[in-house]
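K.L.:
I have a structure I would like to understand better, so I am pasting it below and will then ask my questions one at a time.
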Amino acid sequence: MSLSATTARPSPAAPPSPDVSRRRRRGRLLNRLDVKYSPYLYIAPFFLIFGIFGLYPMLRTAWMSLHDWDMIGEHTFIGFDNYTRLFSDEYFWNALVNTFGIFALSTIPQLLLALFLANLLNRSLLRAKTFFRMAIFMPNVVSVAAVAIVFGMLFQREFGLFNWLLSFVGVDPVDWDGHRWSSWTAISSMVNWRWTGYNTLILLAGMQAIPKDLYEAAEIDGASPWRQFWQITLPMLKPTFIFVVILSTIGGMQLFTEPLLFGNGNIIGGNQREFQTLAMYMYEMGIVNLNTAGYGAAIAWAIFMIIIVVSLFNFLLVRRSAK
Amino acid sequence: MSVTTRRTRLAAAALAAITAVSGLAACGNDDDKPAAGEKPAKLVVDTFGEMGYDELVKQYEKDTGIKVELRKTAQLGEYRPKLVRYLATGKGAADVTALEEGILNEFKPNARNWEDLAPLTSDHSKEYLPWKWELGKAPDGRLIGLPTDVGSLAVCYRKDLFQAAGLPTERDQVSALWPDWKGFHDAGLKYKQGTGGKAFIDSITAVSNGVLFQGNGDLFYDKEDNIIADTSPAVKNAWDTATSMADISAKASTWSPEWSGGFKQGTFAATFCPSWMLGIVSDNSGPANKGKWDVASVPGGGGNWGGSWLAVPAQSKYPKEAAKLAEYLTNAKSQVEAFKLKGPLPTNLEALKNDAFISYTNEYFSNAPTGKIFGESVAKIQPTHLGPKHQAVKENALEPALRAFENGQADKAKAWEQFTKDAKTQGAF
């Protein structure tokens with residue numbers, strides 16, 4: 001704005017002809033418009049796309065959740081009935097417990113392992129760094145469906161690799177999808193296998209941004225590598241760590257493909273819903289059952305709220321513990 | 001302050017613009033049906049699985065000069081969501097759409113999504129199995145679907161494994177082993193003894209599937225579509241029969257990897273085969289097991305599993321021409337051709353009497369006269385009323401509970417409790 005003000009000062013020496021001044025005025029106007037609005041224009045594509053593919057579906061889902069909505073039939077407004085139904089729905093709570101169980105089993109070991117691996121890859125002594133960094137990221141490139149199908153075979157009851165290995169130590173074959181603990185373990189292992197490398201790379205990038213002179217100073221002061229890790233790496237890594245935790249939370253709360261394919265595509269996730277996640281329950285109610293699409297939409301919003309709450313909680317937790 | 005208000009106003013305007021644009025995009029309308037009598041350049045047909053229309057469609061193109069695009073989807077599980085999307089958004093549906101039994105029942109309460117075929121076609125009501133024809137009608141009386149095939153039911157069994165266990169192998173003798181379900185269980189126990197404890201059938205849900213449709217009255221719904229899953233004698237009968245078979249079951253539920261792998265490994269010696277299952281059995285067993293399978297009749301007379309109809313979505317631009325195509329694909333001659341190509345069992349009475357159909361033998365299944373076996377079974381099928389969410393109750397309430405019992409996750413009483421509770425929520429519509 002100050003820029004346009006300075007250029008706008010009229011020159012006292014030669015009063016401009018009316019034509020020139022008009023042109024100049026128009027130029028000034030364009031200039032002002034440019035400065036004021038073109039930034040919005042530059043960021044508009046994102047908001048336009050987000051609006052169509054993000055915001056609009058969200059609002060539409062919210063609208064649906066207030067209805068008794070039949071996907072191919074009638075829609076009746078029922079206010080917040082779908083949300084009150086959530087609280088007394090045993091299968092919703094079951095799915096919530098499953099989601100958190102699998103989330104804990106996958107995220108905690110995964111982040112610890114990623115931290116360990118990132119620290120290892122950050123060592124200056126390591127040879128063939130690029131190779132290891134690429135290799136560790138490879139699982140993430142493989143399609144989820146392929147991962148789920150291969151792991152599904154490994155965890156098979158009759159001819160699965162894991163049961164075969166277990167038989168050598170005298171353990172009876174495990175019916176992996178027949179129990180909560182075993183199905184959670186199997187599904188978590190898929191998630192861990194896929195995402196550990198990804199998180200490792202992000203943490204590694206965070207570690208490399210830490211100034212080297214801090215370590216040099218610590219070394220001169222006689223700090224052990226272990227102490228350096230605790231007192232320099234971890235605190236300096238805090239922002240990256242928060243980012244990784246929140247990303248994992250979002251992914252963990254929306255877990256869908258792995259448990260679905262683990263159960264041979266059955267949406268109820270196990271004979272007694274042992275591993276049906278929130279996203280699966282949402283899909284069951286919202287897509288599979290045509291007449292409860294409104295309730296499915298309410299579950300979708302519940303997941304959204306839960307993600308916000310859990311992310312906030314994790315954020316506060318990580319921030320405090322790293323202080 | 002003024003900045004924030006201006007900014008919020010701008011944001012609100014942008015938001016309004018976006019919603020308006022996407023709203024418009026969502027309801028771009030399709031009400032541009034061509035004038036009556038205009039000949040379409042192309043008709044689209046949506047099918048799932050293998051319905052055997054490949055050659056028929058080419059013939060139709062030649063006869064009428066209308067191009068026909070056949071869109072095939074392999075799995076019903078992928079097919080249904082597509083259909084739902086077409087109906088929910090009002091666009092994308094084919095002109096002729098195959099509807100499987102479960103899907104048809106589910107769509108019936110919203111029959112307005114489909115053309116009434118009665119005024120568009122000549123009267124065929126006497127040409128098909130009467131119960132099959134009736135099922136194609138919606139509660140409001142409109143004719144949604146023309147009958148294509150029926151599942152019917154038989155038992156596929158492994159001759160070599162039967163022989164090793166000391167059971168008869170000839171198909172008539174095998175059928176004589178099990179006039180009823182008790183006989184079937186006894187044969188299973190004998191097999192188990194003869195093989196030192198090997199499983200006889202794939203799973204108990206396969207049994208419940210077979211028993212359900214044997215015409216013992218209403219299943220999960222009564223005639224007024226009230227849910228009666230917990231009191232229906234037919235359901236209880238299927239439940240008791242299925243649970244009694246747990247000691248001869250390989251616990252390999254249909255479509256699971258254990259199940260598909262089991263055919264090659266010989267983990268079970270018998271399974272229930274609707275006509276369309278024959279191709280799946282031979283694919284899973286592989287060429288190495290050719291001639292080892294045979295087909296016998298099902299315990300307790302006839303039975304049915306699956307079967308489809310052809311329907312015309314209301315959104316089709318050429319309902320009249322589409323109905324004609326559906327008529328052509330379901331007539332007696334076409335049904336025999338489709339059977340010879342891929343095995344779906346005819347429902348047209350004339351096709352069922354056709355010599356080419358009756359004399360057909362299946363090479364993979366030891367040259368079993370499958371046309372005759374399934375044709376006889378079809379005649380014994382009892383019409384059963386299926387409610388709107390029959391499929392959901394069966395797949396997401398009955399079968400999980402049976403499997404939980406089979407795998408020892410719940411005792412019989414607990415499993416029954418699980419079923420009746422889930423049947424209420426799954427069956428609500």
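In the structure tokens, chains take letters A, B, ... by order of appearance, with residues numbered from 1 within each chain and ligands from 1 in the order shown.
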For the interface of chain B with chain A (cut-off 9 Å, counting only C-alpha atoms), please tabulate each contacting residue of chain B alongside its nearest pair of atoms and their separation in Å to one decimal, rows sorted by chain and increasing number, as CSV.

P.N.:
residue,atom,partner,partner_atom,distance
B:Ala14,CA,A:Leu48,CA,8.6
B:Leu15,CA,A:Gly51,CA,7.4
B:Ile18,CA,A:Gly51,CA,6.3
B:Thr19,CA,A:Tyr56,CA,6.5
B:Val21,CA,A:Ile52,CA,8.6
B:Ser22,CA,A:Ile52,CA,6.3
B:Gly23,CA,A:Tyr56,CA,8.9
B:Gly77,CA,A:Gly265,CA,8.9
B:Arg80,CA,A:Val288,CA,8.9
B:Pro81,CA,A:Ile287,CA,7.7
B:Val84,CA,A:Ile72,CA,7.1
B:Arg85,CA,A:Met71,CA,8.7
B:Leu87,CA,A:Ile72,CA,6.0
B:Ala88,CA,A:Ile72,CA,5.0
B:Thr89,CA,A:Ile72,CA,8.6
B:Glu106,CA,A:Leu290,CA,8.4
B:Phe107,CA,A:Ile72,CA,8.2
B:Pro109,CA,A:Gly73,CA,8.3
B:Asn110,CA,A:Gly73,CA,5.8
B:Arg112,CA,A:Gly73,CA,8.8
B:Asn113,CA,A:Ile72,CA,7.9
B:Trp255,CA,A:Asn264,CA,7.9
B:Ser256,CA,A:Asn264,CA,6.1
B:Pro257,CA,A:Met153,CA,7.8
B:Glu258,CA,A:Glu158,CA,6.7
B:Gly261,CA,A:Phe159,CA,8.9
B:Lys389,CA,A:Asn289,CA,9.0
B:Ala392,CA,A:Asn289,CA,8.0
B:Asn396,CA,A:Ile268,CA,7.0
B:Glu399,CA,A:Asn271,CA,8.1
B:Pro400,CA,A:Asn271,CA,4.4
B:Ala401,CA,A:Asn271,CA,6.5
B:Leu402,CA,A:Asn271,CA,8.5
B:Arg403,CA,A:Asn271,CA,6.4
B:Ala404,CA,A:Asn271,CA,5.5
B:Asn407,CA,A:Gly178,CA,7.5
B:Gln409,CA,A:Gly178,CA,7.3
B:Gln418,CA,A:Gln272,CA,8.4
B:Gln426,CA,A:Asn289,CA,8.2
B:Ala428,CA,A:Asn291,CA,8.7
B:Phe429,CA,A:Asn291,CA,6.2

K.L.:
Among range 74-181 of chain B, which ones does DSSP assign to alpha helix (DSSP H) (computed from the backbone)? Answer as a ChimeraX atom specification.

P.N.:
/B:76-89,101-107,130-135,159-164,171-177,181

K.L.:
Those same residues - N, CA and C atoms - I'd like them written as a CSV table (one decimal), in the first residue's frame.

P.N.:
chain,number,residue,atom,x,y,z
B,76,LEU,N,-19.5,-59.6,-7.2
B,76,LEU,CA,-20.7,-59.0,-6.8
B,76,LEU,C,-20.4,-57.9,-5.8
B,77,GLY,N,-19.4,-58.1,-5.0
B,77,GLY,CA,-19.0,-57.1,-4.0
B,77,GLY,C,-18.6,-55.8,-4.6
B,78,GLU,N,-18.0,-55.8,-5.8
B,78,GLU,CA,-17.7,-54.5,-6.5
B,78,GLU,C,-18.8,-54.0,-7.3
B,79,TYR,N,-19.7,-54.9,-7.7
B,79,TYR,CA,-20.8,-54.5,-8.5
B,79,TYR,C,-21.8,-53.7,-7.8
B,80,ARG,N,-22.2,-54.1,-6.6
B,80,ARG,CA,-23.2,-53.5,-5.8
B,80,ARG,C,-23.0,-52.0,-5.5
B,81,PRO,N,-21.8,-51.7,-5.0
B,81,PRO,CA,-21.5,-50.2,-4.7
B,81,PRO,C,-21.6,-49.4,-6.0
B,82,LYS,N,-21.2,-49.9,-7.1
B,82,LYS,CA,-21.3,-49.2,-8.4
B,82,LYS,C,-22.8,-48.8,-8.7
B,83,LEU,N,-23.6,-49.9,-8.6
B,83,LEU,CA,-25.1,-49.7,-8.8
B,83,LEU,C,-25.7,-48.6,-7.9
B,84,VAL,N,-25.3,-48.8,-6.6
B,84,VAL,CA,-25.8,-47.8,-5.6
B,84,VAL,C,-25.4,-46.4,-6.0
B,85,ARG,N,-24.2,-46.2,-6.5
B,85,ARG,CA,-23.7,-44.9,-6.8
B,85,ARG,C,-24.5,-44.4,-8.0
B,86,TYR,N,-24.8,-45.3,-9.0
B,86,TYR,CA,-25.6,-44.8,-10.2
B,86,TYR,C,-27.0,-44.4,-9.7
B,87,LEU,N,-27.6,-45.1,-8.8
B,87,LEU,CA,-28.9,-44.8,-8.4
B,87,LEU,C,-29.0,-43.5,-7.5
B,88,ALA,N,-28.0,-43.4,-6.6
B,88,ALA,CA,-28.0,-42.3,-5.7
B,88,ALA,C,-27.7,-41.0,-6.4
B,89,THR,N,-26.9,-41.0,-7.5
B,89,THR,CA,-26.5,-39.8,-8.2
B,89,THR,C,-27.4,-39.6,-9.4
B,101,GLU,N,-30.3,-61.7,-6.7
B,101,GLU,CA,-31.4,-61.9,-5.7
B,101,GLU,C,-31.4,-60.9,-4.5
B,102,GLY,N,-30.2,-60.9,-3.8
B,102,GLY,CA,-30.1,-60.1,-2.6
B,102,GLY,C,-30.3,-58.6,-3.0
B,103,ILE,N,-29.6,-58.2,-4.0
B,103,ILE,CA,-29.7,-56.8,-4.5
B,103,ILE,C,-31.1,-56.4,-4.9
B,104,LEU,N,-31.7,-57.3,-5.6
B,104,LEU,CA,-33.1,-57.0,-6.1
B,104,LEU,C,-34.0,-56.7,-4.9
B,105,ASN,N,-33.9,-57.6,-3.9
B,105,ASN,CA,-34.8,-57.5,-2.7
B,105,ASN,C,-34.5,-56.2,-2.0
B,106,GLU,N,-33.2,-55.8,-1.9
B,106,GLU,CA,-32.9,-54.6,-1.2
B,106,GLU,C,-33.4,-53.4,-2.0
B,107,PHE,N,-33.4,-53.4,-3.3
B,107,PHE,CA,-33.9,-52.3,-4.1
B,107,PHE,C,-35.4,-52.2,-4.2
B,130,PRO,N,-42.9,-70.1,-12.0
B,130,PRO,CA,-43.8,-69.1,-11.5
B,130,PRO,C,-43.2,-68.3,-10.3
B,131,TRP,N,-42.5,-69.0,-9.4
B,131,TRP,CA,-42.0,-68.3,-8.2
B,131,TRP,C,-40.9,-67.3,-8.6
B,132,LYS,N,-40.2,-67.7,-9.6
B,132,LYS,CA,-39.1,-66.8,-10.0
B,132,LYS,C,-39.7,-65.5,-10.7
B,133,TRP,N,-40.7,-65.7,-11.4
B,133,TRP,CA,-41.4,-64.6,-12.1
B,133,TRP,C,-41.9,-63.6,-11.0
B,134,GLU,N,-42.6,-64.2,-10.0
B,134,GLU,CA,-43.2,-63.4,-8.9
B,134,GLU,C,-42.2,-62.5,-8.2
B,135,LEU,N,-41.0,-63.2,-8.0
B,135,LEU,CA,-39.9,-62.4,-7.2
B,135,LEU,C,-39.5,-61.2,-8.0
B,159,LYS,N,-14.5,-87.8,-5.8
B,159,LYS,CA,-14.6,-89.3,-5.9
B,159,LYS,C,-13.4,-90.0,-5.3
B,160,ASP,N,-12.2,-89.5,-5.6
B,160,ASP,CA,-11.0,-90.1,-5.1
B,160,ASP,C,-10.9,-90.2,-3.6
B,161,LEU,N,-11.4,-89.0,-3.0
B,161,LEU,CA,-11.3,-89.0,-1.5
B,161,LEU,C,-12.4,-89.9,-0.9
B,162,PHE,N,-13.6,-89.9,-1.6
B,162,PHE,CA,-14.7,-90.8,-1.1
B,162,PHE,C,-14.2,-92.3,-1.2
B,163,GLN,N,-13.5,-92.6,-2.2
B,163,GLN,CA,-13.1,-94.0,-2.4
B,163,GLN,C,-12.1,-94.3,-1.3
B,164,ALA,N,-11.1,-93.4,-1.1
B,164,ALA,CA,-10.1,-93.7,0.0
B,164,ALA,C,-10.8,-93.9,1.3
B,171,ARG,N,-22.5,-91.6,-8.7
B,171,ARG,CA,-23.3,-90.5,-8.2
B,171,ARG,C,-24.6,-90.8,-7.7
B,172,ASP,N,-25.3,-91.9,-8.3
B,172,ASP,CA,-26.6,-92.3,-7.8
B,172,ASP,C,-26.5,-92.9,-6.4
B,173,GLN,N,-25.4,-93.7,-6.2
B,173,GLN,CA,-25.2,-94.3,-4.9
B,173,GLN,C,-24.9,-93.2,-3.9
B,174,VAL,N,-24.1,-92.2,-4.3
B,174,VAL,CA,-23.8,-91.1,-3.4
B,174,VAL,C,-25.0,-90.4,-3.0
B,175,SER,N,-25.9,-90.1,-4.0
B,175,SER,CA,-27.1,-89.4,-3.7
B,175,SER,C,-28.0,-90.2,-2.7
B,176,ALA,N,-27.9,-91.5,-2.9
B,176,ALA,CA,-28.7,-92.4,-2.0
B,176,ALA,C,-28.2,-92.4,-0.6
B,177,LEU,N,-27.0,-92.0,-0.4
B,177,LEU,CA,-26.4,-91.9,1.0
B,177,LEU,C,-27.2,-90.9,1.8
B,181,TRP,N,-30.8,-84.6,5.7
B,181,TRP,CA,-29.6,-84.0,6.3
B,181,TRP,C,-28.9,-84.9,7.3

K.L.:
Nearest to Lys421 in chain B among B:His385, B:Lys192, B:Asn348, B:Ala229, with distances taken over only C-alpha atoms: which residue is it?

P.N.:
B:Ala229

K.L.:
Take CA of Ser232 in chain B and CA of Ala111 in chain B and report the distance between them in Å, one decimal.

P.N.:
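Value for the CA of Ser232 in chain B-CA of Ala111 in chain B distance: 27.1 Å.
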
K.L.:
Quick one: residues within 9 Å of Leu278 in chain A, only C-alpha atoms counted, chain neighbours fewer than 6 positions away excluded, as a PyMOL selection string?

P.N.:
chain A and resi 92-99+253-256+299-300+303

K.L.:
Set the distance at 6 Å and use only C-alpha atoms: which residues neighbour range 263-269 of chain B once local chain neighbours fewer than 5 positions away are removed? I'd like the list as number ranges by chain.

P.N.:
B: 157-158, 199-202, 284-285

K.L.:
Can I get the selection written as an mmCIF file, in the first residue's frame, with N, CA and C atoms?

P.N.:
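Final output, saved to out.cif:
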data_model
loop_
_atom_site.group_PDB
_atom_site.id
_atom_site.type_symbol
_atom_site.label_atom_id
_atom_site.label_comp_id
_atom_site.auth_asym_id
_atom_site.auth_seq_id
_atom_site.Cartn_x
_atom_site.Cartn_y
_atom_site.Cartn_z
ATOM 1 N N TYR B 157 -18.701 -83.457 -5.030
ATOM 2 C CA TYR B 157 -17.884 -84.291 -4.139
ATOM 3 C C TYR B 157 -16.687 -84.864 -4.878
ATOM 4 N N ARG B 158 -15.645 -85.184 -4.109
ATOM 5 C CA ARG B 158 -14.409 -85.715 -4.667
ATOM 6 C C ARG B 158 -14.474 -87.231 -4.672
ATOM 7 N N ALA B 199 -11.843 -83.610 7.582
ATOM 8 C CA ALA B 199 -13.131 -82.922 7.482
ATOM 9 C C ALA B 199 -13.843 -83.316 6.200
ATOM 10 N N PHE B 200 -15.188 -83.303 6.263
ATOM 11 C CA PHE B 200 -16.004 -83.764 5.143
ATOM 12 C C PHE B 200 -16.485 -82.594 4.279
ATOM 13 N N ILE B 201 -17.031 -81.541 4.939
ATOM 14 C CA ILE B 201 -17.529 -80.384 4.189
ATOM 15 C C ILE B 201 -16.685 -79.156 4.494
ATOM 16 N N ASP B 202 -16.872 -78.112 3.678
ATOM 17 C CA ASP B 202 -16.066 -76.907 3.850
ATOM 18 C C ASP B 202 -16.431 -76.128 5.112
ATOM 19 N N ASN B 284 -10.754 -73.359 -8.849
ATOM 20 C CA ASN B 284 -9.996 -73.501 -7.616
ATOM 21 C C ASN B 284 -9.262 -74.825 -7.536
ATOM 22 N N SER B 285 -9.829 -75.879 -8.121
ATOM 23 C CA SER B 285 -9.203 -77.200 -8.022
ATOM 24 C C SER B 285 -8.075 -77.371 -9.023
#

K.L.:
What's the separation between CA of Glu115 in chain B and CA of Pro313 in chain B, in Å to one decimal place?

P.N.:
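CA of Pro313 in chain B lies at a distance of 5.8 Å from CA of Glu115 in chain B.
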
K.L.:
Do you have the CA of Ala118 in chain A-CA of Gln208 in chain A distance handy?

P.N.:
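Rounded to one decimal, the two atoms are 9.9 Å apart.
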
K.L.:
Might you pull out every residue within 12 Å of Val45 in chain B, with only C-alpha atoms counted and same-chain residues fewer than 6 positions away left off, and present them as a VMD selection string?

P.N.:
chain B and resid 51 53 to 54 56 to 57 67 to 73 92 to 99 310 to 313 316 322 to 323 325 to 326 329

K.L.:
For each of B:Pro274, B:Phe365, B:Gly408, B:Gln315, take the minimum atom-to-atom distance to Asn289 in chain B, counting only C-alpha atoms, then give the residue where this is smallest.

P.N.:
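Of B:Pro274, B:Phe365, B:Gly408, B:Gln315, the one nearest Asn289 in chain B is B:Phe365, counting only C-alpha atoms.
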